[in-house]
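What's in entry-v1.cif: mmCIF, C-alpha atoms
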data_coords
#
loop_
_atom_site.label_atom_id
_atom_site.label_comp_id
_atom_site.auth_asym_id
_atom_site.auth_seq_id
_atom_site.Cartn_x
_atom_site.Cartn_y
_atom_site.Cartn_z
CA MET A 1 3.85 -33.47 -18.50
CA THR A 2 6.90 -31.20 -18.61
CA GLU A 3 4.53 -28.28 -19.11
CA LYS A 4 2.84 -29.11 -15.84
CA ARG A 5 6.11 -29.70 -14.03
CA LYS A 6 7.47 -26.35 -15.19
CA ALA A 7 4.34 -24.59 -13.98
CA PHE A 8 4.50 -26.40 -10.64
CA LYS A 9 8.12 -25.37 -10.16
CA ALA A 10 7.27 -21.76 -10.97
CA ALA A 11 4.21 -21.73 -8.72
CA PHE A 12 5.59 -23.40 -5.61
CA PRO A 13 7.97 -20.64 -4.37
CA HIS A 14 5.13 -18.11 -4.43
CA THR A 15 3.10 -20.29 -2.09
CA ILE A 16 5.75 -20.80 0.61
CA PRO A 17 4.63 -17.88 2.82
CA ILE A 18 1.08 -19.16 2.51
CA PHE A 19 2.20 -22.63 3.52
CA ALA A 20 3.37 -21.21 6.85
CA GLY A 21 0.32 -19.04 7.34
CA PHE A 22 -2.33 -21.54 6.26
CA LEU A 23 -0.88 -24.42 8.19
CA PHE A 24 -0.98 -22.35 11.35
CA LEU A 25 -4.37 -20.73 10.75
CA GLY A 26 -5.80 -24.02 9.53
CA ILE A 27 -4.62 -25.79 12.67
CA ALA A 28 -6.09 -22.99 14.79
CA TYR A 29 -9.39 -23.37 12.94
CA GLY A 30 -9.39 -27.16 13.35
CA ILE A 31 -8.67 -26.85 17.06
CA PHE A 32 -11.43 -24.28 17.37
CA MET A 33 -13.97 -26.65 15.81
CA GLN A 34 -12.73 -29.55 17.88
CA SER A 35 -13.14 -27.48 21.04
CA LYS A 36 -16.79 -26.89 20.04
CA GLY A 37 -17.34 -30.63 19.87
CA PHE A 38 -17.02 -31.30 16.12
CA SER A 39 -15.18 -34.31 14.71
CA PHE A 40 -12.17 -33.63 12.48
CA LEU A 41 -14.35 -34.48 9.48
CA TRP A 42 -16.12 -31.13 9.85
CA PRO A 43 -13.07 -28.85 9.54
CA MET A 44 -11.63 -31.16 6.89
CA LEU A 45 -14.71 -31.12 4.66
CA MET A 46 -15.52 -27.47 5.33
CA SER A 47 -12.00 -26.36 4.44
CA MET A 48 -12.28 -28.37 1.22
CA THR A 49 -15.69 -27.12 0.15
CA ILE A 50 -16.05 -23.58 1.55
CA PHE A 51 -12.34 -22.67 1.33
CA ALA A 52 -12.78 -19.14 2.63
CA GLY A 53 -11.02 -18.82 5.97
CA SER A 54 -12.99 -16.13 7.75
CA MET A 55 -16.33 -17.57 6.59
CA GLU A 56 -15.41 -20.98 7.97
CA PHE A 57 -14.97 -19.48 11.42
CA VAL A 58 -18.34 -17.73 11.04
CA THR A 59 -19.93 -21.02 9.95
CA VAL A 60 -18.95 -22.58 13.26
CA SER A 61 -21.09 -20.02 15.06
CA LEU A 62 -23.90 -20.61 12.54
CA LEU A 63 -23.77 -24.32 13.32
CA ALA A 64 -23.98 -23.57 17.02
CA SER A 65 -27.16 -21.49 16.67
CA ALA A 66 -30.69 -22.23 15.44
CA PHE A 67 -31.15 -23.65 11.92
CA ASN A 68 -31.70 -20.78 9.47
CA PRO A 69 -30.35 -21.45 5.96
CA ILE A 70 -31.64 -18.22 4.43
CA TYR A 71 -29.89 -16.11 7.02
CA ALA A 72 -26.77 -18.25 6.51
CA TYR A 73 -26.86 -17.61 2.76
CA PHE A 74 -27.14 -13.83 3.03
CA LEU A 75 -24.57 -13.63 5.79
CA THR A 76 -22.17 -15.54 3.52
CA LEU A 77 -22.82 -13.13 0.66
CA MET A 78 -21.97 -10.21 2.92
CA VAL A 79 -18.85 -11.69 4.48
CA ASN A 80 -17.55 -12.78 1.08
CA ALA A 81 -18.65 -9.81 -1.03
CA ARG A 82 -15.01 -8.86 -1.65
CA HIS A 83 -14.76 -11.89 -3.95
CA LEU A 84 -16.82 -9.93 -6.49
CA PHE A 85 -13.90 -7.51 -6.79
CA TYR A 86 -11.48 -10.40 -7.17
CA GLY A 87 -13.58 -11.86 -9.95
CA ILE A 88 -13.75 -8.60 -11.88
CA SER A 89 -9.97 -8.26 -11.52
CA MET A 90 -9.36 -11.79 -12.80
CA LEU A 91 -11.74 -11.79 -15.79
CA ASP A 92 -8.82 -11.26 -18.15
CA VAL A 93 -6.24 -13.33 -16.30
CA PHE A 94 -8.41 -16.46 -16.25
CA ARG A 95 -9.41 -16.00 -19.89
CA GLY A 96 -8.59 -19.04 -22.01
CA THR A 97 -7.69 -21.34 -19.14
CA GLY A 98 -10.29 -23.83 -20.35
CA LYS A 99 -11.17 -26.74 -18.09
CA LYS A 100 -9.10 -25.37 -15.25
CA LYS A 101 -11.16 -22.20 -15.08
CA PRO A 102 -14.00 -23.43 -12.82
CA TYR A 103 -11.47 -24.67 -10.28
CA LEU A 104 -9.50 -21.39 -10.42
CA ILE A 105 -12.70 -19.49 -9.65
CA PHE A 106 -13.77 -21.95 -6.96
CA GLY A 107 -10.40 -21.68 -5.20
CA MET A 108 -9.97 -17.91 -5.36
CA CYS A 109 -9.35 -17.16 -1.69
CA ASP A 110 -7.70 -13.89 -0.54
CA GLU A 111 -4.23 -15.40 -0.69
CA SER A 112 -4.51 -17.07 -4.09
CA PHE A 113 -6.02 -13.89 -5.48
CA SER A 114 -3.23 -11.73 -4.08
CA ILE A 115 -0.58 -13.91 -5.72
CA LEU A 116 -2.35 -14.30 -9.04
CA CYS A 117 -3.25 -10.64 -9.44
CA SER A 118 0.33 -9.52 -8.83
CA THR A 119 2.49 -12.26 -10.34
CA LYS A 120 3.13 -13.09 -13.96
CA PRO A 121 4.33 -16.60 -14.65
CA PRO A 122 7.89 -16.62 -16.01
CA GLN A 123 8.41 -16.84 -19.76
CA GLY A 124 7.61 -20.25 -21.23
CA VAL A 125 5.36 -21.24 -18.34
CA ASP A 126 1.71 -21.89 -19.11
CA LYS A 127 -0.52 -19.31 -17.41
CA GLY A 128 -3.41 -21.70 -16.74
CA TRP A 129 -1.28 -24.36 -15.08
CA PHE A 130 0.62 -21.74 -13.08
CA CYS A 131 -2.65 -20.35 -11.69
CA PHE A 132 -3.90 -23.89 -11.13
CA PHE A 133 -0.94 -24.96 -9.03
CA VAL A 134 -0.90 -21.77 -6.96
CA THR A 135 -4.58 -22.35 -6.15
CA LEU A 136 -4.24 -26.09 -5.57
CA LEU A 137 -1.17 -25.82 -3.33
CA ASN A 138 -2.82 -23.15 -1.21
CA GLN A 139 -5.93 -25.25 -0.79
CA CYS A 140 -3.87 -28.32 0.15
CA TYR A 141 -2.10 -26.32 2.88
CA TRP A 142 -5.39 -25.09 4.28
CA VAL A 143 -7.10 -28.50 4.27
CA LEU A 144 -3.99 -30.10 5.78
CA GLY A 145 -3.88 -27.53 8.60
CA ALA A 146 -7.59 -27.76 9.35
CA THR A 147 -7.48 -31.57 9.43
CA ILE A 148 -4.43 -31.68 11.69
CA GLY A 149 -6.06 -29.16 14.02
CA GLY A 150 -9.28 -31.17 14.13
CA LEU A 151 -7.39 -34.40 14.82
CA VAL A 152 -4.96 -33.34 17.50
CA GLY A 153 -7.18 -30.67 19.06
CA GLY A 154 -5.91 -29.41 22.37
CA LEU A 155 -2.76 -31.55 22.27
CA ILE A 156 -0.54 -28.85 20.75
CA PRO A 157 0.29 -25.84 22.86
CA PHE A 158 0.12 -22.50 21.08
CA GLU A 159 3.80 -21.69 21.02
CA LEU A 160 3.77 -20.17 17.56
CA LYS A 161 1.67 -17.23 18.63
CA GLY A 162 1.75 -14.46 16.06
CA ILE A 163 2.76 -16.54 13.06
CA ASP A 164 -0.49 -15.52 11.37
CA PHE A 165 1.29 -12.21 10.77
CA VAL A 166 2.75 -13.86 7.64
CA MET A 167 -0.54 -12.99 5.92
CA THR A 168 -0.24 -9.33 6.84
CA ALA A 169 3.39 -9.32 5.73
CA LEU A 170 2.45 -11.05 2.47
CA PHE A 171 -0.15 -8.41 1.65
CA VAL A 172 2.27 -5.62 2.60
CA VAL A 173 4.93 -7.04 0.27
CA ILE A 174 2.44 -7.40 -2.57
CA PHE A 175 1.23 -3.87 -1.95
CA LEU A 176 4.83 -2.62 -2.20
CA GLU A 177 5.56 -4.64 -5.33
CA GLN A 178 2.47 -3.24 -7.01
CA TRP A 179 3.39 0.24 -5.87
CA LEU A 180 6.88 -0.01 -7.38
CA SER A 181 5.57 -1.44 -10.64
CA GLN A 182 3.07 1.37 -11.28
CA LYS A 183 3.36 5.07 -11.90
CA ASN A 184 -0.29 5.68 -11.05
CA HIS A 185 -0.58 5.19 -7.30
CA TRP A 186 -4.13 6.44 -6.93
CA PRO A 187 -5.90 3.04 -7.02
CA ALA A 188 -3.62 1.74 -4.25
CA LEU A 189 -4.04 4.92 -2.19
CA ILE A 190 -7.82 4.85 -2.63
CA GLY A 191 -7.95 1.22 -1.47
CA LEU A 192 -5.80 1.89 1.56
CA GLY A 193 -7.32 5.25 2.49
CA VAL A 194 -11.00 4.43 2.04
CA SER A 195 -10.60 1.13 3.93
CA ALA A 196 -8.79 2.80 6.83
CA LEU A 197 -11.39 5.53 7.02
CA CYS A 198 -14.26 3.02 6.95
CA LEU A 199 -12.58 0.92 9.64
CA VAL A 200 -12.46 3.96 11.92
CA ILE A 201 -16.09 4.88 11.20
CA PHE A 202 -17.79 1.47 11.00
CA ARG A 203 -15.53 -0.70 13.21
CA ALA A 204 -14.03 -4.11 12.54
CA ASP A 205 -17.13 -6.21 11.88
CA GLN A 206 -18.87 -3.93 9.42
CA PHE A 207 -16.30 -1.92 7.52
CA ILE A 208 -15.84 -4.09 4.43
CA LEU A 209 -19.06 -3.33 2.57
CA PRO A 210 -18.83 0.47 3.07
CA ALA A 211 -15.15 0.29 2.09
CA MET A 212 -16.01 -1.59 -1.10
CA ALA A 213 -18.71 0.93 -1.93
CA GLY A 214 -16.37 3.86 -1.28
CA ILE A 215 -13.61 2.35 -3.42
CA LEU A 216 -16.07 1.75 -6.24
CA ILE A 217 -17.44 5.29 -6.07
CA LEU A 218 -14.01 6.95 -6.11
CA LEU A 219 -12.68 4.71 -8.89
CA THR A 220 -15.79 5.50 -10.93
CA LEU A 221 -15.64 9.26 -10.31
CA PHE A 222 -11.96 9.42 -11.28
CA ARG A 223 -12.20 7.07 -14.23
CA ARG A 224 -11.18 9.64 -16.87
CA PRO A 225 -7.96 10.87 -15.20
CA MET A 226 -7.07 7.29 -14.19
CA GLU A 227 -7.42 5.95 -17.70
CA ARG A 228 -5.34 8.80 -19.06
CA ARG A 229 -2.57 7.96 -16.60
CA THR A 230 -2.71 4.26 -17.36
CA MET A 231 -2.58 5.02 -21.09
CA ASP A 232 0.50 7.19 -20.61
CA GLU A 233 2.09 4.32 -18.80
CA ALA A 234 1.24 1.93 -21.60
CA GLU A 235 2.95 4.25 -24.09
CA VAL A 236 6.11 4.38 -22.01
CA GLN A 237 6.06 0.61 -21.78
CA SER A 238 5.61 0.01 -25.48
CA THR A 239 9.05 1.55 -26.11
CA ASP A 240 10.55 -1.15 -23.94
CA GLU A 241 10.57 -4.26 -26.13
CA SER A 242 11.30 -6.86 -23.49
CA GLU A 243 8.50 -5.65 -21.27
CA LYS A 244 6.11 -5.67 -24.16
CA GLU A 245 6.98 -9.23 -24.98
CA GLU A 246 6.40 -10.22 -21.41
CA ALA A 247 3.01 -8.54 -21.47
CA ASP A 248 2.07 -10.39 -24.63
CA GLN A 249 3.13 -13.64 -23.07
CA TRP A 250 0.76 -12.99 -20.22
CA LYS A 251 -2.18 -12.41 -22.51
CA MET B 1 -24.07 -28.57 18.12
CA GLU B 2 -27.70 -27.57 18.45
CA MET B 3 -28.71 -28.72 14.97
CA THR B 4 -29.28 -32.21 13.73
CA LEU B 5 -26.62 -33.67 11.43
CA ILE B 6 -28.78 -33.05 8.35
CA GLN B 7 -29.39 -29.43 9.35
CA GLY B 8 -25.67 -28.97 9.89
CA ILE B 9 -24.87 -30.38 6.47
CA ILE B 10 -27.49 -28.15 4.85
CA THR B 11 -26.04 -25.10 6.62
CA VAL B 12 -22.54 -25.90 5.35
CA ALA B 13 -23.92 -26.51 1.85
CA VAL B 14 -25.67 -23.13 1.92
CA VAL B 15 -22.43 -21.42 2.99
CA VAL B 16 -20.63 -23.15 0.11
CA LEU B 17 -23.36 -21.95 -2.24
CA GLY B 18 -23.08 -18.37 -0.92
CA THR B 19 -19.29 -18.36 -1.26
CA MET B 20 -19.51 -19.75 -4.79
CA THR B 21 -22.10 -17.11 -5.67
CA THR B 22 -19.61 -14.36 -4.80
CA ARG B 23 -16.78 -16.09 -6.64
CA PHE B 24 -18.58 -17.14 -9.83
CA LEU B 25 -20.96 -14.22 -10.32
CA PRO B 26 -18.54 -11.89 -12.20
CA PHE B 27 -17.55 -14.74 -14.54
CA LEU B 28 -21.18 -15.67 -15.20
CA VAL B 29 -22.25 -12.07 -15.86
CA PHE B 30 -19.24 -11.40 -18.11
CA PRO B 31 -18.50 -14.66 -19.93
CA GLU B 32 -15.46 -15.15 -22.18
CA GLY B 33 -17.38 -15.18 -25.42
CA LYS B 34 -19.07 -11.81 -24.95
CA LYS B 35 -17.37 -8.44 -24.92
CA THR B 36 -16.93 -7.17 -21.39
CA PRO B 37 -18.21 -3.58 -20.98
CA ASP B 38 -15.45 -0.95 -20.95
CA TYR B 39 -16.39 0.17 -17.45
CA ILE B 40 -15.91 -3.34 -16.04
CA ARG B 41 -12.63 -3.74 -17.94
CA TYR B 42 -11.48 -0.45 -16.45
CA LEU B 43 -12.41 -1.70 -12.96
CA GLY B 44 -10.46 -4.87 -13.69
CA THR B 45 -7.33 -2.80 -14.29
CA VAL B 46 -7.55 -0.64 -11.15
CA LEU B 47 -9.30 -2.87 -8.60
CA PRO B 48 -6.35 -5.24 -7.96
CA PHE B 49 -4.36 -2.32 -6.55
CA ALA B 50 -7.21 -1.01 -4.43
CA VAL B 51 -8.17 -4.45 -3.12
CA ILE B 52 -4.68 -5.23 -1.82
CA GLY B 53 -4.89 -1.97 0.14
CA LEU B 54 -8.21 -3.19 1.52
CA LEU B 55 -6.65 -6.53 2.49
CA VAL B 56 -3.79 -4.85 4.35
CA ILE B 57 -6.31 -2.86 6.40
CA TYR B 58 -8.43 -6.01 6.85
CA CYS B 59 -5.48 -7.73 8.54
CA LEU B 60 -5.18 -4.86 10.99
CA LYS B 61 -8.86 -4.57 11.83
CA ASP B 62 -8.67 -6.15 15.28
CA ILE B 63 -5.90 -3.94 16.64
CA SER B 64 -6.85 -1.80 19.60
CA PHE B 65 -5.15 1.58 19.45
CA SER B 66 -6.58 2.66 22.79
CA SER B 67 -4.94 -0.01 24.93
CA PHE B 68 -1.42 -1.39 25.33
CA PRO B 69 0.50 -2.17 23.10
CA PHE B 70 -1.43 0.24 20.80
CA GLY B 71 -0.76 -1.73 17.62
CA LEU B 72 2.96 -1.14 17.99
CA PRO B 73 4.00 -4.76 17.21
CA GLU B 74 1.93 -4.64 14.00
CA PHE B 75 3.32 -1.25 13.04
CA LEU B 76 6.93 -2.29 13.61
CA GLY B 77 6.37 -5.65 11.91
CA ILE B 78 5.01 -3.91 8.82
CA LEU B 79 7.81 -1.32 8.87
CA ALA B 80 10.44 -4.08 9.07
CA THR B 81 8.75 -6.02 6.26
CA ALA B 82 8.62 -2.94 4.04
CA LEU B 83 12.19 -1.81 4.72
CA LEU B 84 13.59 -5.30 4.22
CA HIS B 85 11.70 -5.51 0.97
CA LEU B 86 12.88 -2.15 -0.34
CA TRP B 87 16.42 -3.12 0.60
CA LYS B 88 16.73 -6.73 -0.61
CA LYS B 89 13.65 -7.19 -2.83
CA ASN B 90 13.41 -10.77 -1.62
CA MET B 91 9.79 -11.64 -0.87
CA LEU B 92 10.43 -14.59 1.45
CA LEU B 93 13.11 -12.73 3.38
CA SER B 94 10.85 -9.71 3.89
CA ILE B 95 7.91 -11.80 5.06
CA ALA B 96 10.02 -14.00 7.34
CA GLY B 97 11.89 -11.01 8.80
CA GLY B 98 8.75 -9.01 9.54
CA THR B 99 6.92 -12.02 10.99
CA VAL B 100 9.78 -13.08 13.25
CA LEU B 101 10.12 -9.54 14.57
CA TYR B 102 6.36 -9.41 15.21
CA MET B 103 6.39 -12.75 17.03
CA VAL B 104 9.28 -11.64 19.23
CA LEU B 105 7.50 -8.35 19.98
CA ILE B 106 4.19 -9.91 21.06
CA TRP B 107 6.13 -12.49 23.06
CA VAL B 108 7.87 -9.62 24.87
CA VAL B 109 4.70 -7.61 25.57
CA THR B 110 2.50 -10.49 26.75
#
Show me this structure written as structure tokens.
Amino acid sequence: MTEKRKAFKAAFPHTIPIFAGFLFLGIAYGIFMQSKGFSFLWPMLMSMTIFAGSMEFVTVSLLASAFNPIYAYFLTLMVNARHLFYGISMLDVFRGTGKKKPYLIFGMCDESFSILCSTKPPQGVDKGWFCFFVTLLNQCYWVLGATIGGLVGGLIPFELKGIDFVMTALFVVIFLEQWLSQKNHWPALIGLGVSALCLVIFRADQFILPAMAGILILLTLFRRPMERRTMDEAEVQSTDESEKEEADQWK
Amino acid sequence: MEMTLIQGIITVAVVVLGTMTTRFLPFLVFPEGKKTPDYIRYLGTVLPFAVIGLLVIYCLKDISFSSFPFGLPEFLGILATALLHLWKKNMLLSIAGGTVLYMVLIWVVT
């Protein structure tokens, strides 16, 4: 019990920015569905089961068009293809989390991924429970927002315009933290540069898949020099006892 | 809604299935018991950094640089977030500061 409580206490602060963002975006999504004539049960159940923000908005337009489950399936694969990268990144992190693992994978939205890939739980806190509570809290915020939005619909005026910027700010902060923690900045620069370039070339609706392909190609081509740099870093770190201990903890 | 209730439920179920395919596939292909290929392990060490870069750009995808306000609120919001973070290293402060500035800016320009 205390193990869980400790993990909850460690996880909660990391989710506060997401609380603000998800509540607002969730409400916006719920209102959107309500305005299309859906009962609050739809956004509530969809936010619980799909739990992938952008895809839920796309699903609303799927529901409003002709019935075509095969198209829906492949469209979902394309919109959510970035999750493949998240999964590959989390193979090691989720290792040994036992019964919690399926839920951690199920709930790996952009925001949960960004926290879990960049945050180590403090010493003495169980990794599995830490990941579990980050994921669970985020999902609760999202479902809560979507349900509120679906229930109250057009009753709330949109006075908090722009609060969805918390997500952008969150990713910027995580980007910076990662940047400061690493000596090898090439992976970050490749991600940023290739994505920006693809956005200019392919436009907003279609840039993700080319960006993913470009990132993969560059990371593969430069594997040798990258690994050498990462290994150098590991050597520097191994001289620092406290950091090494922390790393072991994480494993 | 054009579909019947059952068709709607099936559509949502298919979207859930598609989303879960993208989330579970790496874990099914590379299960805990088996040794993960070195190439995939390497990707696992570098992808987190690249993907956050992708997510930052993803958030900015709907900005129009050809019409007023030319993405200026986003640019200044990000600049404020980054500077605050380099200065105080307090995640919540940086996010709150950048977001409040952004909200004020779009309130001013619209």
(message) Which residues are near Leu25 (chain A)? Cut-off 9 Å, only C-alpha atoms, ignore same chain within fewer than 5 positions. Put them as a ChimeraX atom specification.
(response) /A:20,30,53,142,145-146,163-164
Name the residues captured by the PyMOL selection byres ((chain B) within 6 of (chain A)) when it is applied to the shown file; answer as a CSV table (one decimal) with C-alpha atoms, in the frame of the given file.
chain,number,residue,atom,x,y,z
B,1,MET,CA,-24.1,-28.6,18.1
B,2,GLU,CA,-27.7,-27.6,18.4
B,11,THR,CA,-26.0,-25.1,6.6
B,14,VAL,CA,-25.7,-23.1,1.9
B,15,VAL,CA,-22.4,-21.4,3.0
B,16,VAL,CA,-20.6,-23.2,0.1
B,18,GLY,CA,-23.1,-18.4,-0.9
B,22,THR,CA,-19.6,-14.4,-4.8
B,23,ARG,CA,-16.8,-16.1,-6.6
B,26,PRO,CA,-18.5,-11.9,-12.2
B,44,GLY,CA,-10.5,-4.9,-13.7
B,46,VAL,CA,-7.6,-0.6,-11.2
B,48,PRO,CA,-6.4,-5.2,-8.0
B,49,PHE,CA,-4.4,-2.3,-6.6
B,50,ALA,CA,-7.2,-1.0,-4.4
B,51,VAL,CA,-8.2,-4.4,-3.1
B,53,GLY,CA,-4.9,-2.0,0.1
B,54,LEU,CA,-8.2,-3.2,1.5
B,56,VAL,CA,-3.8,-4.8,4.4
B,59,CYS,CA,-5.5,-7.7,8.5
B,61,LYS,CA,-8.9,-4.6,11.8
B,95,ILE,CA,7.9,-11.8,5.1
B,99,THR,CA,6.9,-12.0,11.0
B,103,MET,CA,6.4,-12.8,17.0
(request) Point out the residue among B:Leu47, B:Ile9, B:Leu76, B:Ile40 with the least atom-to-atom distance to Leu105 (chain B), counting all atoms listed in the file. (result)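 The closest residue to Leu105 (chain B) is B:Leu76.
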As JSON: centre and edge lengths in Å, one decimal, of the axis-aligned box holding region 117-125 of chain A with 4 Å per side:
{"center_x": 2.6, "center_y": -15.4, "center_z": -15.0, "size_x": 19.7, "size_y": 19.7, "size_z": 20.4}
(request) Name all residues at most 12 Å from Arg5 (chain A) (count only C-alpha atoms; drop same-chain ones fewer than 4 positions away) and give them as a ChimeraX atom specification. (result) /A:1,9-12,124-126,129-130,132-133
(request) Go ahead and compute the interatomic distance for CA of Arg224 (chain A) and CA of Ile52 (chain B), in Å to one decimal. (result) 22.1 Å
(request) Grab the CA of Pro43 (chain A) to CA of Gly149 (chain A) distance for me, in Å with one decimal place. (result) 8.3 Å
(request) Could you check which of A:Phe222, A:Thr135, A:Pro210, A:Arg229 is closest to Leu43 (chain B), using only C-alpha atoms? (result)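 Using only C-alpha atoms, the shortest distance to Leu43 (chain B) belongs to A:Phe222.
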(request) Could you give me, as an MDAnalysis selection string, the residues within 10 Å of His85 (chain B), counting all atoms listed in the file and dropping anything in the same chain fewer than 3 positions from it? (result) (chainID A and resid 172:173 176:177) or (chainID B and resid 79:82 88:95 97:98)
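CA of Leu218 (chain A) sits 27.1 Å away from CA of Phe75 (chain B).
Among the candidates A:Phe202, A:Ile115, A:Phe57, A:Tyr29, the residue lying nearest to Val12 (chain B) is A:Phe57 (atoms considered: all atoms listed in the file).
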(message) Could you check which residues have any atom within 12 Å of (-1.9, -33.7, 14.5), counting all atoms listed in the file with coordinates taken straight from the file, and then list them as a list in words?
(response) Leu23, Phe24, Gly26, Ile27, Ala28, Gly30, Ile31, Phe40, Leu144, Gly145, Ala146, Thr147, Ile148, Gly149, Gly150, Leu151, Val152, Gly153, Gly154, Leu155, Ile156 and Pro157 of chain A
N, CA and C atoms modelled onto region 88-109 of chain B, as a PDB file, in the frame of the given file:
ATOM      1  N   LYS B  88      16.251  -5.504   0.027  1.00  0.00           N
ATOM      2  CA  LYS B  88      16.730  -6.730  -0.610  1.00  0.00           C
ATOM      3  C   LYS B  88      15.843  -7.241  -1.742  1.00  0.00           C
ATOM      4  N   LYS B  89      14.596  -6.748  -1.804  1.00  0.00           N
ATOM      5  CA  LYS B  89      13.650  -7.190  -2.830  1.00  0.00           C
ATOM      6  C   LYS B  89      13.458  -8.704  -2.847  1.00  0.00           C
ATOM      7  N   ASN B  90      13.601  -9.322  -1.694  1.00  0.00           N
ATOM      8  CA  ASN B  90      13.410 -10.770  -1.620  1.00  0.00           C
ATOM      9  C   ASN B  90      12.150 -11.042  -0.796  1.00  0.00           C
ATOM     10  N   MET B  91      11.100 -11.494  -1.487  1.00  0.00           N
ATOM     11  CA  MET B  91       9.790 -11.640  -0.870  1.00  0.00           C
ATOM     12  C   MET B  91       9.812 -12.500   0.404  1.00  0.00           C
ATOM     13  N   LEU B  92      10.430 -13.675   0.297  1.00  0.00           N
ATOM     14  CA  LEU B  92      10.430 -14.590   1.450  1.00  0.00           C
ATOM     15  C   LEU B  92      11.193 -13.988   2.622  1.00  0.00           C
ATOM     16  N   LEU B  93      12.317 -13.342   2.322  1.00  0.00           N
ATOM     17  CA  LEU B  93      13.110 -12.730   3.380  1.00  0.00           C
ATOM     18  C   LEU B  93      12.310 -11.634   4.090  1.00  0.00           C
ATOM     19  N   SER B  94      11.628 -10.798   3.304  1.00  0.00           N
ATOM     20  CA  SER B  94      10.850  -9.710   3.890  1.00  0.00           C
ATOM     21  C   SER B  94       9.748 -10.242   4.787  1.00  0.00           C
ATOM     22  N   ILE B  95       9.033 -11.248   4.295  1.00  0.00           N
ATOM     23  CA  ILE B  95       7.910 -11.800   5.060  1.00  0.00           C
ATOM     24  C   ILE B  95       8.411 -12.484   6.319  1.00  0.00           C
ATOM     25  N   ALA B  96       9.475 -13.285   6.180  1.00  0.00           N
ATOM     26  CA  ALA B  96      10.020 -14.000   7.340  1.00  0.00           C
ATOM     27  C   ALA B  96      10.560 -12.997   8.363  1.00  0.00           C
ATOM     28  N   GLY B  97      11.308 -11.997   7.889  1.00  0.00           N
ATOM     29  CA  GLY B  97      11.890 -11.010   8.800  1.00  0.00           C
ATOM     30  C   GLY B  97      10.825 -10.265   9.589  1.00  0.00           C
ATOM     31  N   GLY B  98       9.818  -9.760   8.885  1.00  0.00           N
ATOM     32  CA  GLY B  98       8.750  -9.010   9.540  1.00  0.00           C
ATOM     33  C   GLY B  98       7.979  -9.874  10.526  1.00  0.00           C
ATOM     34  N   THR B  99       7.703 -11.131  10.129  1.00  0.00           N
ATOM     35  CA  THR B  99       6.920 -12.020  10.990  1.00  0.00           C
ATOM     36  C   THR B  99       7.690 -12.399  12.244  1.00  0.00           C
ATOM     37  N   VAL B 100       8.977 -12.712  12.081  1.00  0.00           N
ATOM     38  CA  VAL B 100       9.780 -13.080  13.250  1.00  0.00           C
ATOM     39  C   VAL B 100       9.849 -11.911  14.226  1.00  0.00           C
ATOM     40  N   LEU B 101      10.071 -10.715  13.696  1.00  0.00           N
ATOM     41  CA  LEU B 101      10.120  -9.540  14.570  1.00  0.00           C
ATOM     42  C   LEU B 101       8.783  -9.389  15.313  1.00  0.00           C
ATOM     43  N   TYR B 102       7.691  -9.541  14.588  1.00  0.00           N
ATOM     44  CA  TYR B 102       6.360  -9.410  15.210  1.00  0.00           C
ATOM     45  C   TYR B 102       6.167 -10.446  16.315  1.00  0.00           C
ATOM     46  N   MET B 103       6.562 -11.691  16.032  1.00  0.00           N
ATOM     47  CA  MET B 103       6.390 -12.750  17.030  1.00  0.00           C
ATOM     48  C   MET B 103       7.217 -12.474  18.284  1.00  0.00           C
ATOM     49  N   VAL B 104       8.434 -11.986  18.083  1.00  0.00           N
ATOM     50  CA  VAL B 104       9.280 -11.640  19.230  1.00  0.00           C
ATOM     51  C   VAL B 104       8.612 -10.507  20.023  1.00  0.00           C
ATOM     52  N   LEU B 105       8.104  -9.501  19.304  1.00  0.00           N
ATOM     53  CA  LEU B 105       7.500  -8.350  19.980  1.00  0.00           C
ATOM     54  C   LEU B 105       6.283  -8.749  20.815  1.00  0.00           C
ATOM     55  N   ILE B 106       5.383  -9.577  20.256  1.00  0.00           N
ATOM     56  CA  ILE B 106       4.190  -9.910  21.060  1.00  0.00           C
ATOM     57  C   ILE B 106       4.549 -10.881  22.180  1.00  0.00           C
ATOM     58  N   TRP B 107       5.654 -11.623  21.975  1.00  0.00           N
ATOM     59  CA  TRP B 107       6.130 -12.490  23.060  1.00  0.00           C
ATOM     60  C   TRP B 107       6.660 -11.630  24.207  1.00  0.00           C
ATOM     61  N   VAL B 108       7.316 -10.521  23.867  1.00  0.00           N
ATOM     62  CA  VAL B 108       7.870  -9.620  24.870  1.00  0.00           C
ATOM     63  C   VAL B 108       6.760  -8.898  25.638  1.00  0.00           C
ATOM     64  N   VAL B 109       5.717  -8.437  24.898  1.00  0.00           N
ATOM     65  CA  VAL B 109       4.700  -7.610  25.570  1.00  0.00           C
ATOM     66  C   VAL B 109       3.634  -8.429  26.293  1.00  0.00           C
TER      67      VAL B 109
END
